[in-house]
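S.K.: What follows is a single structure, and I will ask about it in a moment.
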Amino acid sequence: MIQVRNISKTYNGNTIIDGLSFEVKEGETLVLLGTSGSGKTTTLKMLNRLVEADSGTILIRDRDIRSEPLHQLRKNIGYVIQNVGLFPHYSVAQNIGLVPGLLHWDKKRIARRTAELMEMVGLDPAQYQDRKPMTLSGGQRQRVGIARALAADPDLVLMDEPFGALDPINRKQLRSEFKNLESALKKTVVLVTHDVQEAFQLGDRICLLSQGKIQQIGTPKALIFNPANAHVRDFFKEYQLQLQMEALYLSDLASCLAHPVPSHLQKESVYALLNDEVLLRKETLTAKQVVEAFYTVREHYPSL
């Protein structure tokens, strides 16, 4: 889907992005992770040319993004930012239907798509479609922002700290809802965050950046169990145990559990299961069994 080849960016003599190269596969979620100033947001913005690369090449669907008219490129890419950027004088429905309108969809099709997406993100169309953004909570506005990014059914969605401005409870809930939504829609997503748990929860792969360079790119398991260098190891050190629980699925513990893991739990992370008392009460697996298996696998991973 995306090929980034040796891109660089300099501001006022300071190198912000230094020869980055990576690929994003169709249907995967790649998280750009790093501290402030690592270059993650600049990298994201170069994908839809909000920032122009000084050198290098970016291909989307095998086409150089500089060969396509800017307005056409952006119409085909969903974009979600931290502060949402909704038009305050537009209703919720008008905000969501904005890009389909620019693409000359007919009104009935826009209305159907708007209602469909509002239901997907947990907003009752009858209750919310005519409301203005200022009457919504922060979490509701972010839901509208996500719906707007998906409105024209783009294959690619870019997300810049989409949950960063929310309180911890709303952030956790929206992250979980987005993960389920993304899994159902099969979009290609590039997401920027500085939140390591968010990266591990949402990313199929994580690209850890520091001073405009890639320190390591790989699956959450690869980064937490096989760090490429001291920077990667130290970056995750404070949250190591929690992130190992987030990276390991119940299927990874199968050889250390007395009973087979139910199919619906195969891709449930250890961390998610242990924090879901309702789910645990419904299963034959106990928290003690899961924890014991986790520590056994953790000690030997990835040799098992």
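By convention here, the chains of the structure tokens are called A, B, ... in the order presented, each chain's residues are numbered starting at 1, and ligands are numbered starting at 1 in the order presented.
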Give the strand (DSSP E or B) residues of stretch 82-282 of chain A, as assigned by DSSP on the backbone, as a list of chain:residue names.
M.R.: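 Output for stretch 82-282 of chain A, strand (DSSP E or B) only: A:Leu156, A:Val157, A:Leu158, A:Met159, A:Asp160, A:Thr188, A:Val189, A:Val190, A:Leu191, A:Val192, A:Thr193, A:Arg205, A:Ile206, A:Cys207, A:Leu208, A:Leu209, A:Ser210, A:Lys213, A:Ile214, A:Gln215, A:Gln216, A:Ile217, A:Gly218, A:Tyr249, A:Ser269.
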S.K.: Output N, CA and C atoms for every residue in the selection just made, as a CSV table (one decimal), in the first residue's frame.
M.R.:
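Okay, out_37.csv is ready:
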chain,number,residue,atom,x,y,z
A,156,LEU,N,-7.0,4.1,2.9
A,156,LEU,CA,-5.9,4.5,3.8
A,156,LEU,C,-6.4,5.6,4.8
A,157,VAL,N,-6.1,5.4,6.1
A,157,VAL,CA,-6.5,6.4,7.1
A,157,VAL,C,-5.3,6.8,7.9
A,158,LEU,N,-5.0,8.1,8.0
A,158,LEU,CA,-3.9,8.6,8.8
A,158,LEU,C,-4.5,9.2,10.1
A,159,MET,N,-3.8,8.9,11.2
A,159,MET,CA,-4.4,9.4,12.5
A,159,MET,C,-3.2,9.9,13.3
A,160,ASP,N,-3.4,11.2,13.7
A,160,ASP,CA,-2.3,11.9,14.5
A,160,ASP,C,-2.8,12.1,15.9
A,188,THR,N,-6.2,0.3,5.9
A,188,THR,CA,-4.8,0.5,6.1
A,188,THR,C,-4.7,1.7,7.0
A,189,VAL,N,-4.0,1.7,8.1
A,189,VAL,CA,-4.0,2.8,9.0
A,189,VAL,C,-2.5,3.1,9.4
A,190,VAL,N,-2.2,4.4,9.4
A,190,VAL,CA,-0.9,4.8,10.0
A,190,VAL,C,-1.3,5.8,11.1
A,191,LEU,N,-0.8,5.4,12.3
A,191,LEU,CA,-1.3,6.1,13.5
A,191,LEU,C,-0.1,6.6,14.3
A,192,VAL,N,-0.1,7.9,14.7
A,192,VAL,CA,1.0,8.5,15.5
A,192,VAL,C,0.5,8.5,16.9
A,193,THR,N,1.4,8.1,17.8
A,193,THR,CA,1.2,8.3,19.2
A,193,THR,C,2.5,8.3,20.0
A,205,ARG,N,2.2,-3.5,13.6
A,205,ARG,CA,3.6,-3.3,13.7
A,205,ARG,C,3.8,-1.9,14.3
A,206,ILE,N,5.0,-1.7,14.9
A,206,ILE,CA,5.3,-0.4,15.5
A,206,ILE,C,6.7,0.1,14.9
A,207,CYS,N,6.7,1.3,14.5
A,207,CYS,CA,7.9,2.0,14.0
A,207,CYS,C,8.4,3.0,15.1
A,208,LEU,N,9.4,2.6,15.8
A,208,LEU,CA,9.9,3.5,16.9
A,208,LEU,C,11.0,4.5,16.4
A,209,LEU,N,10.6,5.7,16.5
A,209,LEU,CA,11.5,6.8,16.0
A,209,LEU,C,12.2,7.6,17.1
A,210,SER,N,13.4,8.0,16.8
A,210,SER,CA,14.2,8.9,17.6
A,210,SER,C,15.1,9.8,16.8
A,213,LYS,N,15.1,9.2,13.0
A,213,LYS,CA,15.6,7.9,12.5
A,213,LYS,C,14.8,6.8,13.1
A,214,ILE,N,14.7,5.7,12.3
A,214,ILE,CA,14.0,4.5,12.8
A,214,ILE,C,15.0,3.7,13.7
A,215,GLN,N,14.6,3.5,14.9
A,215,GLN,CA,15.3,2.7,15.8
A,215,GLN,C,15.0,1.2,15.7
A,216,GLN,N,13.7,0.9,15.4
A,216,GLN,CA,13.3,-0.5,15.1
A,216,GLN,C,11.9,-0.4,14.6
A,217,ILE,N,11.6,-1.3,13.7
A,217,ILE,CA,10.3,-1.5,13.2
A,217,ILE,C,9.9,-3.0,13.2
A,218,GLY,N,8.8,-3.3,13.7
A,218,GLY,CA,8.4,-4.7,13.8
A,218,GLY,C,7.1,-4.9,14.6
A,249,TYR,N,-0.6,-13.0,23.2
A,249,TYR,CA,-2.0,-13.4,23.1
A,249,TYR,C,-2.2,-14.7,23.8
A,269,SER,N,-5.3,-10.4,24.1
A,269,SER,CA,-4.0,-10.3,24.8
A,269,SER,C,-4.2,-10.7,26.3
S.K.: Return the single residue from A:Gly203, A:Gly56, A:Gly78, A:Gly13 that is closest to A:Glu246, with distances computed using only C-alpha atoms.
M.R.: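 Between A:Gly203, A:Gly56, A:Gly78, A:Gly13, the residue approaching A:Glu246 most closely is A:Gly203.
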S.K.: Go through A:Gln94, A:Gln197, A:Thr10, A:Thr43 and flag the residue nearest A:Gln240, using only C-alpha atoms for the distances.
M.R.: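 Of all the options, A:Gln197 lies closest to A:Gln240.
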S.K.: Env of A:Thr135: 12 Å cut, atoms = only C-alpha atoms, seq-sep filter 6 positions within chain, self excluded. Answer as a ChimeraX atom specification.
M.R.: /A:88-92,127-129,141
S.K.: Quick one: write out the picked residues with N, CA and C atoms as a CSV table (one decimal), in the first residue's frame?
M.R.:
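And here's again_20.csv as it stands now:
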chain,number,residue,atom,x,y,z
A,88,PRO,N,-17.4,24.2,13.3
A,88,PRO,CA,-18.4,24.4,14.4
A,88,PRO,C,-19.8,24.8,13.9
A,89,HIS,N,-19.9,25.4,12.7
A,89,HIS,CA,-21.2,25.9,12.2
A,89,HIS,C,-21.9,24.8,11.4
A,90,TYR,N,-21.3,23.6,11.2
A,90,TYR,CA,-21.9,22.5,10.6
A,90,TYR,C,-22.5,21.5,11.6
A,91,SER,N,-23.5,20.9,11.3
A,91,SER,CA,-24.0,19.8,12.2
A,91,SER,C,-23.1,18.6,12.1
A,92,VAL,N,-23.4,17.6,13.0
A,92,VAL,CA,-22.6,16.4,13.0
A,92,VAL,C,-22.7,15.7,11.6
A,127,GLN,N,-30.4,11.0,17.5
A,127,GLN,CA,-30.1,11.9,18.6
A,127,GLN,C,-29.0,12.9,18.3
A,128,TYR,N,-28.1,12.6,17.4
A,128,TYR,CA,-26.9,13.4,17.3
A,128,TYR,C,-26.7,14.1,15.9
A,129,GLN,N,-27.4,13.6,14.9
A,129,GLN,CA,-27.0,14.1,13.5
A,129,GLN,C,-27.2,15.6,13.3
A,141,ARG,N,-17.0,14.2,20.1
A,141,ARG,CA,-16.4,14.9,18.9
A,141,ARG,C,-15.4,14.0,18.2
S.K.: Mind giving me the straight-line distance from atom CA of A:Thr15 to atom CA of A:Ile81 in Å, one decimal?
M.R.: 24.1 Å
S.K.: Give me the residues near A:Asp155 as a PDB file with N, CA and C atoms, in the first residue's frame, where near means some atom within 12 Å (using only C-alpha atoms) and where sequence neighbours in that chain fewer than 5 positions away do not count.
M.R.:
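Result file follows (selection.pdb):
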ATOM      1  N   MET A   1       0.826  -1.211   0.000  1.00  0.00           N
ATOM      2  CA  MET A   1       0.000   0.000   0.000  1.00  0.00           C
ATOM      3  C   MET A   1       0.864   1.267   0.000  1.00  0.00           C
ATOM      4  N   ILE A   2       1.825   1.357   0.965  1.00  0.00           N
ATOM      5  CA  ILE A   2       2.694   2.535   1.057  1.00  0.00           C
ATOM      6  C   ILE A   2       4.147   2.085   1.039  1.00  0.00           C
ATOM      7  N   LYS A  25       1.858  -2.411   4.759  1.00  0.00           N
ATOM      8  CA  LYS A  25       1.123  -3.390   3.969  1.00  0.00           C
ATOM      9  C   LYS A  25      -0.361  -3.064   3.959  1.00  0.00           C
ATOM     10  N   GLU A  26      -1.021  -3.504   2.909  1.00  0.00           N
ATOM     11  CA  GLU A  26      -2.458  -3.274   2.805  1.00  0.00           C
ATOM     12  C   GLU A  26      -3.185  -3.964   3.957  1.00  0.00           C
ATOM     13  N   GLY A  27      -4.060  -3.218   4.626  1.00  0.00           N
ATOM     14  CA  GLY A  27      -4.854  -3.780   5.695  1.00  0.00           C
ATOM     15  C   GLY A  27      -4.208  -3.791   7.066  1.00  0.00           C
ATOM     16  N   GLU A  28      -2.970  -3.332   7.188  1.00  0.00           N
ATOM     17  CA  GLU A  28      -2.319  -3.345   8.496  1.00  0.00           C
ATOM     18  C   GLU A  28      -2.375  -1.972   9.157  1.00  0.00           C
ATOM     19  N   THR A  29      -2.185  -1.964  10.457  1.00  0.00           N
ATOM     20  CA  THR A  29      -2.058  -0.721  11.214  1.00  0.00           C
ATOM     21  C   THR A  29      -0.609  -0.575  11.647  1.00  0.00           C
ATOM     22  N   ILE A  60       2.132   5.510  -2.931  1.00  0.00           N
ATOM     23  CA  ILE A  60       0.888   4.952  -2.408  1.00  0.00           C
ATOM     24  C   ILE A  60       0.185   4.250  -3.558  1.00  0.00           C
ATOM     25  N   ARG A  61      -0.071   2.961  -3.376  1.00  0.00           N
ATOM     26  CA  ARG A  61      -0.627   2.117  -4.440  1.00  0.00           C
ATOM     27  C   ARG A  61       0.259   2.196  -5.686  1.00  0.00           C
ATOM     28  N   LEU A  73      -5.287  13.546  -4.111  1.00  0.00           N
ATOM     29  CA  LEU A  73      -4.572  12.689  -3.163  1.00  0.00           C
ATOM     30  C   LEU A  73      -5.276  12.687  -1.806  1.00  0.00           C
ATOM     31  N   ARG A  74      -5.607  13.867  -1.319  1.00  0.00           N
ATOM     32  CA  ARG A  74      -6.176  13.990   0.025  1.00  0.00           C
ATOM     33  C   ARG A  74      -7.623  13.511   0.100  1.00  0.00           C
ATOM     34  N   LYS A  75      -8.359  13.605  -1.001  1.00  0.00           N
ATOM     35  CA  LYS A  75      -9.725  13.087  -1.004  1.00  0.00           C
ATOM     36  C   LYS A  75      -9.758  11.581  -0.784  1.00  0.00           C
ATOM     37  N   ASN A  76      -8.681  10.915  -1.179  1.00  0.00           N
ATOM     38  CA  ASN A  76      -8.631   9.452  -1.104  1.00  0.00           C
ATOM     39  C   ASN A  76      -7.951   8.942   0.158  1.00  0.00           C
ATOM     40  N   ILE A  77      -7.651   9.859   1.087  1.00  0.00           N
ATOM     41  CA  ILE A  77      -6.995   9.482   2.337  1.00  0.00           C
ATOM     42  C   ILE A  77      -7.785  10.052   3.503  1.00  0.00           C
ATOM     43  N   GLY A  78      -8.230   9.209   4.426  1.00  0.00           N
ATOM     44  CA  GLY A  78      -8.878   9.697   5.630  1.00  0.00           C
ATOM     45  C   GLY A  78      -7.846  10.286   6.572  1.00  0.00           C
ATOM     46  N   TYR A  79      -8.241  11.306   7.347  1.00  0.00           N
ATOM     47  CA  TYR A  79      -7.278  11.989   8.213  1.00  0.00           C
ATOM     48  C   TYR A  79      -7.958  12.383   9.517  1.00  0.00           C
ATOM     49  N   ALA A 149     -13.473  10.793   8.805  1.00  0.00           N
ATOM     50  CA  ALA A 149     -12.320  10.260   8.090  1.00  0.00           C
ATOM     51  C   ALA A 149     -12.665   9.022   7.270  1.00  0.00           C
ATOM     52  N   LEU A 150     -13.683   8.284   7.716  1.00  0.00           N
ATOM     53  CA  LEU A 150     -14.079   7.047   7.035  1.00  0.00           C
ATOM     54  C   LEU A 150     -15.212   7.262   6.035  1.00  0.00           C
ATOM     55  N   GLU A 182     -11.661  -1.001  13.275  1.00  0.00           N
ATOM     56  CA  GLU A 182     -10.613  -1.159  12.261  1.00  0.00           C
ATOM     57  C   GLU A 182     -10.536  -2.613  11.805  1.00  0.00           C
ATOM     58  N   LEU A 185     -13.445  -3.182   9.369  1.00  0.00           N
ATOM     59  CA  LEU A 185     -13.411  -2.454   8.097  1.00  0.00           C
ATOM     60  C   LEU A 185     -12.203  -2.789   7.236  1.00  0.00           C
ATOM     61  N   LYS A 186     -11.149  -3.362   7.840  1.00  0.00           N
ATOM     62  CA  LYS A 186      -9.962  -3.786   7.100  1.00  0.00           C
ATOM     63  C   LYS A 186      -9.273  -2.624   6.372  1.00  0.00           C
ATOM     64  N   LYS A 187      -9.159  -1.490   7.041  1.00  0.00           N
ATOM     65  CA  LYS A 187      -8.472  -0.351   6.455  1.00  0.00           C
ATOM     66  C   LYS A 187      -6.964  -0.450   6.703  1.00  0.00           C
ATOM     67  N   THR A 188      -6.198   0.258   5.876  1.00  0.00           N
ATOM     68  CA  THR A 188      -4.786   0.463   6.147  1.00  0.00           C
ATOM     69  C   THR A 188      -4.676   1.741   6.969  1.00  0.00           C
ATOM     70  N   VAL A 189      -4.019   1.650   8.122  1.00  0.00           N
ATOM     71  CA  VAL A 189      -3.968   2.777   9.045  1.00  0.00           C
ATOM     72  C   VAL A 189      -2.522   3.076   9.423  1.00  0.00           C
ATOM     73  N   VAL A 190      -2.162   4.360   9.393  1.00  0.00           N
ATOM     74  CA  VAL A 190      -0.898   4.817   9.963  1.00  0.00           C
ATOM     75  C   VAL A 190      -1.270   5.754  11.102  1.00  0.00           C
TER      76      VAL A 190
END
S.K.: Which of these residues is nearest to A:Leu257, using only C-alpha atoms: A:Met120, A:Ile224, A:Val291, A:Lys237?
M.R.: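 For A:Leu257, the nearest of the candidates is A:Val291.
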S.K.: Check stretch 26-162 of chain A with DSSP on the backbone and list each residue it calls alpha helix (DSSP H), as a PyMOL selection string.
M.R.: chain A and resi 40-47+70-75+92-96+98-102+107-120+125-128+138-150
S.K.: Please identify all polymer residues within 9 Å of A:Val121, counting only C-alpha atoms, omitting same-chain residues fewer than 6 positions from it, and present them as a PyMOL selection string.
M.R.: chain A and resi 140+143-144+146-147+174+177-178+181
S.K.: The selected residues should be written to file as a short mmCIF file (atom, residue, chain, number, x, y, z; two decimals), in the first residue's frame (atoms: C-alpha atoms).
M.R.:
data_model
loop_
_atom_site.label_atom_id
_atom_site.label_comp_id
_atom_site.auth_asym_id
_atom_site.auth_seq_id
_atom_site.Cartn_x
_atom_site.Cartn_y
_atom_site.Cartn_z
CA GLN A 140 -18.27 12.33 21.06
CA ARG A 143 -16.10 9.79 17.29
CA VAL A 144 -17.42 12.27 14.73
CA ILE A 146 -13.26 9.21 13.03
CA ALA A 147 -16.57 8.86 11.17
CA LEU A 174 -12.33 4.78 22.26
CA GLU A 177 -13.85 0.64 20.01
CA PHE A 178 -11.49 1.76 17.26
CA LEU A 181 -13.94 -0.99 14.08
#
S.K.: Can you pull out every residue within 12 Å of A:Met46, counting only C-alpha atoms, but drop anything in the same chain fewer than 3 positions away, and send it as a PyMOL selection string?
M.R.: chain A and resi 2+4-5+7-9+17+20+39-43+49-60+65-66+70+73-74+158+190
S.K.: In Å to one decimal, how far is atom CA of A:Lys267 from atom CA of A:Tyr301?
M.R.: 17.2 Å
S.K.: Using only C-alpha atoms, which residues of stretch 23-57 of chain A come within 12 Å of stretch 225-235 of chain A, and what is the closest atom pair for each, with the distance in Å to one decimal? Give it as JSON lines, sorted by chain and residue number.
M.R.:
{"residue": "A:Leu33", "atom": "CA", "partner": "A:Phe235", "partner_atom": "CA", "distance": 10.4}
{"residue": "A:Gly34", "atom": "CA", "partner": "A:Phe235", "partner_atom": "CA", "distance": 8.8}
{"residue": "A:Thr35", "atom": "CA", "partner": "A:Phe235", "partner_atom": "CA", "distance": 9.4}
S.K.: Pick out the closest residue to A:Ile96 from this set: A:Gly145, A:Pro69, A:Gly19, A:Gly139. Count only C-alpha atoms.
M.R.: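 Under the stated criterion, the closest residue is A:Gly145.
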S.K.: Please report the interatomic distance between atom CA of A:Ala111 and atom CA of A:Val80 in Å with one decimal.
M.R.: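 One can read the atom CA of A:Ala111 to atom CA of A:Val80 distance as 20.9 Å.
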